[in-house]
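Some notes on the structure that comes next.
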2 protein chains.
Amino acid sequence: MAPRVTIIDIARAAGVSKSTVSIVLTGSGRVSPETADAVRAAMRDLGYVYNRGAANLRNPKSHVVGMVINDLSNPFFAELAIGIERVLRTSGYIPFMANTAESLLRQSEVVRSMREHGASGIILCPTADSTGREINELAELGMPIVLAIRRVAGARVSLVASDNRAGSAAAARHLLALGHRRIGYVGGMARMAVRQDRIAGFSEALAAASVAIDPTRMIECAPTKDAGFVAMSALLAQPNRPTAVMCFNDVVAIGAMLAITRHGLTPGVDIAVVGFDDTSEARHASPALTTVSVGAGDLGERAGQMLLRQISGAATGPETHIGEARLVVRESCGAPAQSRDVA
Amino acid sequence: MAPRVTIIDIARAAGVSKSTVSIVLTGSGRVSPETADAVRAAMRDLGYVYNRGAANLRNPKSHVVGMVINDLSNPFFAELAIGIERVLRTSGYIPFMANTAESLLRQSEVVRSMREHGASGIILCPTADSTGREINELAELGMPIVLAIRRVAGARVSLVASDNRAGSAAAARHLLALGHRRIGYVGGMARMAVRQDRIAGFSEALAAASVAIDPTRMIECAPTKDAGFVAMSALLAQPNRPTAVMCFNDVVAIGAMLAITRHGLTPGVDIAVVGFDDTSEARHASPALTTVSVGAGDLGERAGQMLLRQISGAATGPETHIGEARLVVRESCGAPAQSRDVA
DNA sequence: CTGAAAGCGCTTACAG
DNA sequence: CTGAAAGCGCTTACAG
């Protein structure tokens with residue numbers, strides 16, 4: 001690789017001092033248009049690359065922010081990430097993304113690396129086993145941080161999530177209205193606050209209808225398609241199987257529908273299935289998945305805006321945004337066609 | 001934010017010189033275990049954060065690499081990205097990812113930013129309108145770079161892609177064997193080299209069977225679900241509609257199947273549909289999508305390995321890996337059940 | 001094993 | 001508007 005070209009080289013080529021080059025680079029202070037053009041021409045000619053590390057050394061205001069995503073293979077988080085990027089970018093920040101694949105070790109490596117590179121804030125979709133302790137430690141170090149989607153018990157930081165309890169309750173009430181009484185719950189790990197919230201809504205709706213919850217029909221599993229398949233298969237192997245299942249999220253639901261089909265039954269006919277998230281996959285699944293829409297892209301934008309407020313100091317403390325969760329009735333719940341949502 | 005703690009603070013707290021702290025940090029040179037422990041304890045107590053920018057200034061060997069992805073909402077690219085991350089991480093590199101959403105402007109911003117932050121290499125899934133010129137400029141500046149998935153005409157850099165021509169030819173031969181003669185092609189933009197390669201395979205198969213291509217049945221569109229829906233709808237509005245369509249990729253095919261259904265027809269029965277990529281969505285679509293499998297995760301791993309060779313200098317020049325593309329017969333092509341692949 | 005010194009590429013006052 | 005100087009946090013020889 002050719003020796004690095006620095007502002008000194010540019011200054012020499014443009015016949016100015018390196019202070020002037022720096023002023024052109026940062027846009028601070030006044031420089032005559034002719035001078036600025038000459039400097040820019042020199043940068044182009046010499047293939048100059050600005051050295052952020054050196055700049056941040058002197059002026060520690062960085063415009064990079066980190067996005068730490070727990071599972072990029074889940075389209076819900078991909079849509080969320082795209083929403084975050086959209087607002088961060090239009091605000092002049094450059095978001096760098098990393099996937100933790102639900103590994104806490106990987107999460108702490110990635111977060112550390114982002115701090116070392118001078119990120120001015122982080123949006124974190126925490127792994128399922130994150131605890132309030134490590135998140136608070138980060139925040140106490142002065143790092144602006146917004147938790148997205150997944151609440152973490154004990155974490156005293158900003159949060160953007162959806163109304164998990166209300167969304168699940170609405171879905172459960174819908175199944176009850178369709179006449180279901182043996183309703184299972186599939187997916188998520190018990191330690192996840194999000195699952196606790198969703199189960200709370202589920203329980204609340206069943207209690208209101210005086211329907212008992214059978215703990216043997218509450219199956220934990222990782223929030224993935226494959227795990228949903230396995231968990232649903234286990235549920236189907238039980239005697240007295242449920243007539244309906246609520247799933248932790250859409251990918252689990254799609255896995256569950258696959259298991260139902262593989263078992264020789266028809267989702268939406270023999271067993272009602274409901275998801276959570278309303279990813280585009282839910283719309284295109286077969287049968288089309290009844291699910292709870294939370295607006296992944298919108299939540300992402302909210303999280304981006306919230307992080308910007310944390311960074312700028314416009315927010316005086318941690319903020320919380322709980323987005324609406326709306327039941328979308330399609331085919332997989334077996335509801336009569338005329339009561340379904342379009343698309 | 002508290003004033004930054006530096007190695008000088010650590011040195012003072014641990015009662016050593018800052019050289020010693022640096023040696024502990026970098027692992028260069030020998031330090032007694034007791035001293036090293038004292039240093040590490042001080043770092044923990046004071047909440048020390050290593051400043052990569054400062055370190056890179058003196059020793060410009062960075063362990064960050066960039067992954068630039070053109071469309072993260074397409075599950076194919078998400079799977080690819082996960083494969084790339086897997087090998088990069090296990091090799092001690094920390095991959096930062098950015099999504100360009102098919103915007104060339106965004107791509108150059110993101111690439112520039114990665115260079116400014118001292119990335120030691122970049123894996124680039126280029127936007128549809130990337131040209132060889134800008135990619136060669138990057139490479140000439142000495143940046144190790146691997147193009148993934150999308151060949152770019154004129155680019156003289158390393159490439160990991162699939163055998164687009166052979167894969168498309170196999171898919172077309174399959175449709176011909178099923179008796180189809182009016183076969184359309186939906187999706188991709190004409191300027192994309194990948195589309196040209198796929199069309200070449202398609203044309204080759206049709207020519208071998210002495211079947212003419214009707215240019216009015218070749219519809220360009222962006223490689224997205226929505227664009228596939230619109231393009232297929234346009235094709236269906238034509239007189240003498242095709243009995244089969246090959247689609248640029250799976251997301252286009254899923255959009256096309258939706259359009260067929262919306263038109264009152266049944267994909268796989270009234271019109272055969274074939275995709276490309278074999279994303280997990282293809283398996284779970286209804287009807288299950290016949291497609292060309294390229295192994296997204298594997299290609300990602302290959303790309304990661306290739307970049308590592310470019311960075312280390314183990315590669316003496318640009319390398320190319322063309323992965324196998326294998327037809328996977330499911331339901332959407334209307335093949336008789338006994339000839340279908342499992343799952 | 002440790003300490004003093006130089007220097008990486010930049011920005012920031014400050015004097016002209 | 002420009003130039004000389006100091007300093008950001010680190011690493012790298014080099015002398016002890």
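Chain labels run A, B, ... following the order of the structure tokens; each chain numbers its residues from 1, and ligands are numbered from 1 in the order shown.
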Could you list the residues in chain B lying within 7 Å of chain C, using only C-alpha atoms (C1' of nucleotides), and format the result as JSON, numbers by chain? {"B": [17, 31, 57, 58]}
Mind fitting chain A onto chain B over all Cα atoms in sequence order and sending the result as a tab-separated table (two decimals) with C-alpha atoms, in the first residue's frame?
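Everything below was put into out04.tsv:
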chain	number	residue	atom	x	y	z
A	1	MET	CA	-19.26	12.28	30.45
A	2	ALA	CA	-16.36	11.73	32.80
A	3	PRO	CA	-12.92	12.80	31.51
A	4	ARG	CA	-11.39	10.03	29.46
A	5	VAL	CA	-9.17	7.64	31.34
A	6	THR	CA	-5.94	6.95	29.49
A	7	ILE	CA	-3.05	4.56	29.84
A	8	ILE	CA	-1.29	7.23	31.89
A	9	ASP	CA	-4.04	7.00	34.51
A	10	ILE	CA	-3.77	3.22	34.43
A	11	ALA	CA	0.00	3.38	34.74
A	12	ARG	CA	-0.27	5.66	37.76
A	13	ALA	CA	-2.92	3.49	39.42
A	14	ALA	CA	-0.97	0.28	38.81
A	15	GLY	CA	2.35	1.85	39.74
A	16	VAL	CA	4.03	1.15	36.40
A	17	SER	CA	5.04	3.13	33.34
A	18	LYS	CA	2.72	3.67	30.44
A	19	SER	CA	4.96	1.54	28.22
A	20	THR	CA	4.19	-1.39	30.44
A	21	VAL	CA	0.48	-0.73	30.19
A	22	SER	CA	0.78	-0.62	26.43
A	23	ILE	CA	2.65	-3.94	26.41
A	24	VAL	CA	-0.10	-5.54	28.49
A	25	LEU	CA	-2.70	-4.10	26.13
A	26	THR	CA	-1.09	-5.30	22.92
A	27	GLY	CA	0.42	-8.51	24.25
A	28	SER	CA	3.74	-7.56	22.72
A	29	GLY	CA	6.74	-8.27	24.91
A	30	ARG	CA	7.00	-9.89	28.31
A	31	VAL	CA	5.47	-8.62	31.55
A	32	SER	CA	5.36	-10.50	34.84
A	33	PRO	CA	1.94	-12.05	35.52
A	34	GLU	CA	1.62	-10.04	38.74
A	35	THR	CA	2.25	-6.77	36.93
A	36	ALA	CA	-0.16	-7.68	34.16
A	37	ASP	CA	-2.85	-8.52	36.69
A	38	ALA	CA	-2.33	-5.24	38.50
A	39	VAL	CA	-2.66	-3.37	35.22
A	40	ARG	CA	-5.80	-5.23	34.27
A	41	ALA	CA	-7.30	-4.59	37.69
A	42	ALA	CA	-6.62	-0.87	37.32
A	43	MET	CA	-8.27	-0.85	33.91
A	44	ARG	CA	-11.32	-2.50	35.36
A	45	ASP	CA	-11.47	-0.17	38.36
A	46	LEU	CA	-11.11	3.01	36.35
A	47	GLY	CA	-13.44	1.95	33.53
A	48	TYR	CA	-10.72	2.21	30.93
A	49	VAL	CA	-11.70	2.17	27.24
A	50	TYR	CA	-8.98	1.42	24.73
A	51	ASN	CA	-8.72	4.13	22.10
A	52	ARG	CA	-8.36	2.37	18.75
A	53	GLY	CA	-8.00	5.61	16.87
A	54	ALA	CA	-4.94	6.60	18.86
A	55	ALA	CA	-3.46	3.13	18.57
A	56	ASN	CA	-3.99	2.99	14.82
A	57	LEU	CA	-2.26	6.32	14.47
A	58	ARG	CA	0.99	4.83	15.60
A	59	ASN	CA	0.42	1.26	14.38
A	60	PRO	CA	-1.88	1.31	11.39
A	61	LYS	CA	-2.91	-2.36	11.62
A	62	SER	CA	-6.64	-2.37	12.19
A	63	HIS	CA	-8.77	-5.43	12.73
A	64	VAL	CA	-11.99	-4.00	11.46
A	65	VAL	CA	-13.39	-4.97	8.11
A	66	GLY	CA	-16.45	-3.62	6.39
A	67	MET	CA	-19.42	-5.49	4.99
A	68	VAL	CA	-21.49	-3.43	2.63
A	69	ILE	CA	-24.84	-5.03	1.84
A	70	ASN	CA	-27.14	-3.81	-0.89
A	71	ASP	CA	-30.44	-4.98	0.55
A	72	LEU	CA	-30.72	-6.31	4.05
A	73	SER	CA	-34.46	-6.77	3.73
A	74	ASN	CA	-33.81	-9.59	1.29
A	75	PRO	CA	-33.29	-12.69	3.47
A	76	PHE	CA	-30.73	-13.97	0.99
A	77	PHE	CA	-28.36	-11.14	1.81
A	78	ALA	CA	-29.05	-11.48	5.52
A	79	GLU	CA	-27.99	-15.13	5.32
A	80	LEU	CA	-24.95	-14.16	3.31
A	81	ALA	CA	-23.98	-11.50	5.86
A	82	ILE	CA	-24.27	-14.00	8.69
A	83	GLY	CA	-21.94	-16.37	6.86
A	84	ILE	CA	-19.39	-13.62	6.32
A	85	GLU	CA	-19.52	-12.57	9.95
A	86	ARG	CA	-19.02	-16.14	11.09
A	87	VAL	CA	-15.61	-16.54	9.47
A	88	LEU	CA	-14.40	-13.02	10.02
A	89	ARG	CA	-15.13	-13.16	13.70
A	90	THR	CA	-13.48	-16.50	14.30
A	91	SER	CA	-10.38	-15.01	12.69
A	92	GLY	CA	-10.24	-12.17	15.16
A	93	TYR	CA	-11.63	-9.51	12.88
A	94	ILE	CA	-14.52	-7.37	13.83
A	95	PRO	CA	-16.88	-6.87	10.93
A	96	PHE	CA	-18.97	-3.72	10.72
A	97	MET	CA	-21.95	-3.86	8.45
A	98	ALA	CA	-23.86	-1.23	6.55
A	99	ASN	CA	-26.91	-1.42	4.32
A	100	THR	CA	-26.94	0.65	1.14
A	101	ALA	CA	-30.54	-0.05	0.13
A	102	GLU	CA	-29.37	-0.12	-3.51
A	103	SER	CA	-28.23	3.50	-3.39
A	104	LEU	CA	-24.90	4.19	-5.08
A	105	LEU	CA	-24.55	7.45	-3.16
A	106	ARG	CA	-25.05	5.67	0.10
A	107	GLN	CA	-22.58	3.01	-0.98
A	108	SER	CA	-19.83	5.50	-1.63
A	109	GLU	CA	-20.53	7.29	1.66
A	110	VAL	CA	-20.38	4.05	3.57
A	111	VAL	CA	-17.23	2.84	1.83
A	112	ARG	CA	-15.54	6.17	2.44
A	113	SER	CA	-16.49	6.10	6.08
A	114	MET	CA	-15.06	2.62	6.45
A	115	ARG	CA	-11.79	3.72	4.87
A	116	GLU	CA	-11.63	6.75	7.15
A	117	HIS	CA	-12.04	4.45	10.12
A	118	GLY	CA	-9.13	2.36	8.93
A	119	ALA	CA	-10.95	-0.77	7.77
A	120	SER	CA	-8.39	-3.25	6.52
A	121	GLY	CA	-10.72	-4.66	3.88
A	122	ILE	CA	-14.23	-4.57	2.52
A	123	ILE	CA	-16.69	-7.16	1.32
A	124	LEU	CA	-19.03	-5.43	-1.06
A	125	CYS	CA	-22.39	-6.57	-2.37
A	126	PRO	CA	-22.62	-3.75	-4.87
A	127	THR	CA	-25.73	-1.80	-5.72
A	128	ALA	CA	-27.40	-2.63	-9.02
A	129	ASP	CA	-25.93	0.49	-10.64
A	130	SER	CA	-22.32	0.07	-9.50
A	131	THR	CA	-19.75	0.29	-12.27
A	132	GLY	CA	-16.30	-1.17	-12.65
A	133	ARG	CA	-14.76	2.29	-12.48
A	134	GLU	CA	-15.52	3.12	-8.86
A	135	ILE	CA	-14.70	-0.39	-7.74
A	136	ASN	CA	-11.33	-0.34	-9.49
A	137	GLU	CA	-10.58	3.08	-8.00
A	138	LEU	CA	-11.06	1.64	-4.55
A	139	ALA	CA	-8.87	-1.34	-5.31
A	140	GLU	CA	-6.13	0.84	-6.82
A	141	LEU	CA	-5.97	2.80	-3.58
A	142	GLY	CA	-4.75	-0.44	-2.03
A	143	MET	CA	-7.95	-1.45	-0.27
A	144	PRO	CA	-8.43	-5.25	-0.21
A	145	ILE	CA	-11.88	-5.83	-1.58
A	146	VAL	CA	-14.07	-8.81	-2.38
A	147	LEU	CA	-17.20	-8.49	-4.46
A	148	ALA	CA	-19.92	-10.82	-3.27
A	149	ILE	CA	-22.79	-12.27	-5.30
A	150	ARG	CA	-22.92	-9.54	-7.90
A	151	ARG	CA	-20.31	-9.50	-10.60
A	152	VAL	CA	-19.66	-6.01	-11.96
A	153	ALA	CA	-18.54	-5.68	-15.57
A	154	GLY	CA	-15.01	-4.35	-15.79
A	155	ALA	CA	-14.19	-4.68	-12.10
A	156	ARG	CA	-10.77	-6.24	-11.61
A	157	VAL	CA	-11.19	-7.44	-8.03
A	158	SER	CA	-11.89	-10.69	-6.22
A	159	LEU	CA	-15.33	-12.21	-6.61
A	160	VAL	CA	-17.46	-14.79	-4.86
A	161	ALA	CA	-20.63	-15.63	-6.73
A	162	SER	CA	-22.70	-18.55	-7.89
A	163	ASP	CA	-22.91	-20.13	-11.30
A	164	ASN	CA	-25.78	-17.98	-12.49
A	165	ARG	CA	-25.68	-19.21	-16.04
A	166	ALA	CA	-25.69	-22.92	-15.22
A	167	GLY	CA	-28.32	-22.49	-12.52
A	168	SER	CA	-30.68	-20.62	-14.81
A	169	ALA	CA	-30.11	-23.07	-17.63
A	170	ALA	CA	-31.00	-25.99	-15.34
A	171	ALA	CA	-34.17	-24.22	-14.23
A	172	ALA	CA	-35.15	-23.46	-17.82
A	173	ARG	CA	-34.50	-27.04	-18.92
A	174	HIS	CA	-36.72	-28.23	-16.10
A	175	LEU	CA	-39.59	-26.02	-17.28
A	176	LEU	CA	-39.06	-27.18	-20.86
A	177	ALA	CA	-39.13	-30.82	-19.73
A	178	LEU	CA	-42.46	-30.14	-18.05
A	179	GLY	CA	-43.74	-29.14	-21.48
A	180	HIS	CA	-43.65	-25.34	-21.19
A	181	ARG	CA	-42.98	-23.36	-24.36
A	182	ARG	CA	-44.24	-19.87	-23.45
A	183	ILE	CA	-41.78	-19.00	-20.70
A	184	GLY	CA	-41.34	-15.48	-19.35
A	185	TYR	CA	-38.51	-13.95	-17.35
A	186	VAL	CA	-39.34	-11.54	-14.53
A	187	GLY	CA	-37.08	-9.27	-12.55
A	188	GLY	CA	-33.66	-7.74	-12.30
A	189	MET	CA	-32.49	-4.69	-14.21
A	190	ALA	CA	-30.94	-5.14	-17.65
A	191	ARG	CA	-27.77	-3.33	-16.60
A	192	MET	CA	-27.00	-5.91	-13.89
A	193	ALA	CA	-24.32	-8.40	-14.91
A	194	VAL	CA	-26.00	-11.01	-12.73
A	195	ARG	CA	-29.19	-10.71	-14.74
A	196	GLN	CA	-27.27	-10.91	-17.99
A	197	ASP	CA	-25.65	-14.14	-16.81
A	198	ARG	CA	-28.95	-15.62	-15.73
A	199	ILE	CA	-30.64	-14.63	-18.96
A	200	ALA	CA	-27.74	-16.17	-20.87
A	201	GLY	CA	-28.39	-19.53	-19.20
A	202	PHE	CA	-32.10	-19.17	-19.81
A	203	SER	CA	-31.58	-18.31	-23.49
A	204	GLU	CA	-29.09	-21.11	-23.96
A	205	ALA	CA	-31.56	-23.72	-22.66
A	206	LEU	CA	-34.41	-22.39	-24.79
A	207	ALA	CA	-32.21	-22.28	-27.87
A	208	ALA	CA	-31.12	-25.88	-27.31
A	209	ALA	CA	-34.79	-26.84	-27.31
A	210	SER	CA	-35.47	-24.65	-30.35
A	211	VAL	CA	-37.90	-22.56	-28.34
A	212	ALA	CA	-38.01	-18.90	-29.24
A	213	ILE	CA	-37.78	-16.15	-26.63
A	214	ASP	CA	-40.52	-13.58	-26.78
A	215	PRO	CA	-38.99	-10.23	-25.70
A	216	THR	CA	-42.37	-8.95	-24.56
A	217	ARG	CA	-42.29	-11.62	-21.85
A	218	MET	CA	-38.94	-10.44	-20.48
A	219	ILE	CA	-39.86	-7.95	-17.79
A	220	GLU	CA	-37.29	-5.90	-15.92
A	221	CYS	CA	-37.93	-4.87	-12.35
A	222	ALA	CA	-36.07	-4.13	-9.12
A	223	PRO	CA	-35.14	-7.27	-7.19
A	224	THR	CA	-37.82	-6.90	-4.54
A	225	LYS	CA	-41.08	-8.55	-3.62
A	226	ASP	CA	-43.19	-5.51	-4.42
A	227	ALA	CA	-41.56	-4.93	-7.79
A	228	GLY	CA	-42.04	-8.62	-8.60
A	229	PHE	CA	-45.71	-8.26	-7.82
A	230	VAL	CA	-46.07	-5.27	-10.14
A	231	ALA	CA	-44.02	-6.82	-12.94
A	232	MET	CA	-45.95	-10.09	-12.85
A	233	SER	CA	-49.24	-8.21	-12.83
A	234	ALA	CA	-48.14	-6.44	-16.00
A	235	LEU	CA	-47.22	-9.74	-17.60
A	236	LEU	CA	-50.61	-11.20	-16.69
A	237	ALA	CA	-52.36	-8.28	-18.32
A	238	GLN	CA	-50.78	-9.17	-21.67
A	239	PRO	CA	-52.66	-11.29	-24.22
A	240	ASN	CA	-51.35	-14.83	-24.63
A	241	ARG	CA	-49.79	-14.97	-21.21
A	242	PRO	CA	-46.87	-17.32	-20.49
A	243	THR	CA	-47.46	-20.75	-18.93
A	244	ALA	CA	-44.28	-20.42	-16.88
A	245	VAL	CA	-42.03	-17.68	-15.51
A	246	MET	CA	-38.49	-17.74	-14.31
A	247	CYS	CA	-37.82	-15.06	-11.74
A	248	PHE	CA	-34.60	-13.18	-11.07
A	249	ASN	CA	-34.61	-14.26	-7.44
A	250	ASP	CA	-36.81	-15.63	-4.67
A	251	VAL	CA	-38.24	-12.34	-3.47
A	252	VAL	CA	-39.32	-11.45	-6.99
A	253	ALA	CA	-40.80	-14.96	-7.34
A	254	ILE	CA	-42.78	-14.60	-4.13
A	255	GLY	CA	-44.11	-11.27	-5.32
A	256	ALA	CA	-44.98	-12.86	-8.66
A	257	MET	CA	-46.85	-15.71	-6.99
A	258	LEU	CA	-48.84	-13.17	-5.04
A	259	ALA	CA	-49.77	-11.40	-8.29
A	260	ILE	CA	-50.81	-14.69	-9.85
A	261	THR	CA	-53.01	-15.50	-6.88
A	262	ARG	CA	-54.45	-12.00	-6.88
A	263	HIS	CA	-55.26	-12.53	-10.57
A	264	GLY	CA	-57.43	-15.51	-9.64
A	265	LEU	CA	-54.92	-18.10	-10.81
A	266	THR	CA	-52.95	-20.67	-8.88
A	267	PRO	CA	-49.14	-20.63	-9.00
A	268	GLY	CA	-47.82	-24.10	-9.79
A	269	VAL	CA	-51.12	-25.05	-11.41
A	270	ASP	CA	-52.04	-22.32	-13.87
A	271	ILE	CA	-48.57	-20.83	-14.14
A	272	ALA	CA	-45.28	-22.41	-13.15
A	273	VAL	CA	-42.94	-20.19	-11.15
A	274	VAL	CA	-39.25	-20.68	-10.46
A	275	GLY	CA	-37.05	-18.50	-8.23
A	276	PHE	CA	-33.33	-18.19	-7.59
A	277	ASP	CA	-31.38	-18.19	-4.25
A	278	ASP	CA	-33.26	-20.77	-2.17
A	279	THR	CA	-33.83	-18.61	0.87
A	280	SER	CA	-35.68	-20.11	3.79
A	281	GLU	CA	-38.70	-18.13	2.63
A	282	ALA	CA	-38.73	-20.20	-0.56
A	283	ARG	CA	-39.15	-23.38	1.46
A	284	HIS	CA	-41.99	-21.93	3.47
A	285	ALA	CA	-43.84	-20.16	0.69
A	286	SER	CA	-47.07	-21.56	-0.58
A	287	PRO	CA	-46.84	-23.25	-2.91
A	288	ALA	CA	-43.28	-24.11	-1.85
A	289	LEU	CA	-41.02	-22.38	-4.34
A	290	THR	CA	-38.99	-24.29	-6.90
A	291	THR	CA	-35.72	-22.41	-7.03
A	292	VAL	CA	-31.98	-22.57	-7.57
A	293	SER	CA	-30.00	-23.15	-4.42
A	294	VAL	CA	-26.66	-21.37	-4.13
A	295	GLY	CA	-25.94	-21.72	-0.40
A	296	ALA	CA	-26.02	-18.14	0.87
A	297	GLY	CA	-24.24	-18.90	4.12
A	298	ASP	CA	-21.49	-20.88	2.39
A	299	LEU	CA	-20.91	-18.15	-0.16
A	300	GLY	CA	-20.63	-15.70	2.74
A	301	GLU	CA	-17.99	-17.85	4.40
A	302	ARG	CA	-16.07	-18.11	1.15
A	303	ALA	CA	-16.15	-14.36	0.74
A	304	GLY	CA	-14.85	-13.92	4.29
A	305	GLN	CA	-12.00	-16.35	3.71
A	306	MET	CA	-11.11	-14.71	0.44
A	307	LEU	CA	-10.97	-11.28	2.05
A	308	LEU	CA	-8.67	-12.64	4.76
A	309	ARG	CA	-6.31	-13.94	2.08
A	310	GLN	CA	-6.37	-10.57	0.34
A	311	ILE	CA	-5.58	-8.78	3.58
A	312	SER	CA	-2.80	-11.11	4.69
A	313	GLY	CA	-1.19	-11.04	1.28
A	314	ALA	CA	-1.58	-14.81	0.92
A	315	ALA	CA	-3.39	-14.12	-2.34
A	316	THR	CA	-1.10	-12.79	-5.03
A	317	GLY	CA	-3.91	-11.20	-7.01
A	318	PRO	CA	-7.67	-11.12	-7.36
A	319	GLU	CA	-9.32	-14.50	-6.85
A	320	THR	CA	-12.64	-15.83	-8.07
A	321	HIS	CA	-14.91	-18.45	-6.58
A	322	ILE	CA	-18.00	-19.52	-8.50
A	323	GLY	CA	-20.19	-21.70	-6.32
A	324	GLU	CA	-22.40	-24.44	-7.64
A	325	ALA	CA	-26.05	-23.59	-8.38
A	326	ARG	CA	-28.43	-26.50	-7.92
A	327	LEU	CA	-32.07	-26.69	-8.98
A	328	VAL	CA	-34.41	-27.54	-6.11
A	329	VAL	CA	-37.77	-28.78	-7.33
A	330	ARG	CA	-40.73	-28.06	-5.07
A	331	GLU	CA	-44.35	-27.25	-5.85
A	332	SER	CA	-44.44	-23.90	-7.64
A	333	CYS	CA	-43.24	-25.32	-10.95
A	334	GLY	CA	-46.12	-27.79	-11.03
A	335	ALA	CA	-43.82	-30.80	-11.29
A	336	PRO	CA	-45.41	-34.13	-10.33
A	337	ALA	CA	-45.06	-34.76	-6.59
A	338	GLN	CA	-42.75	-37.78	-6.93
A	339	SER	CA	-40.08	-35.73	-8.69
A	340	ARG	CA	-39.87	-33.06	-6.01
A	341	ASP	CA	-37.04	-32.51	-3.58
A	342	VAL	CA	-37.84	-33.09	0.07
A	343	ALA	CA	-38.40	-30.02	2.25
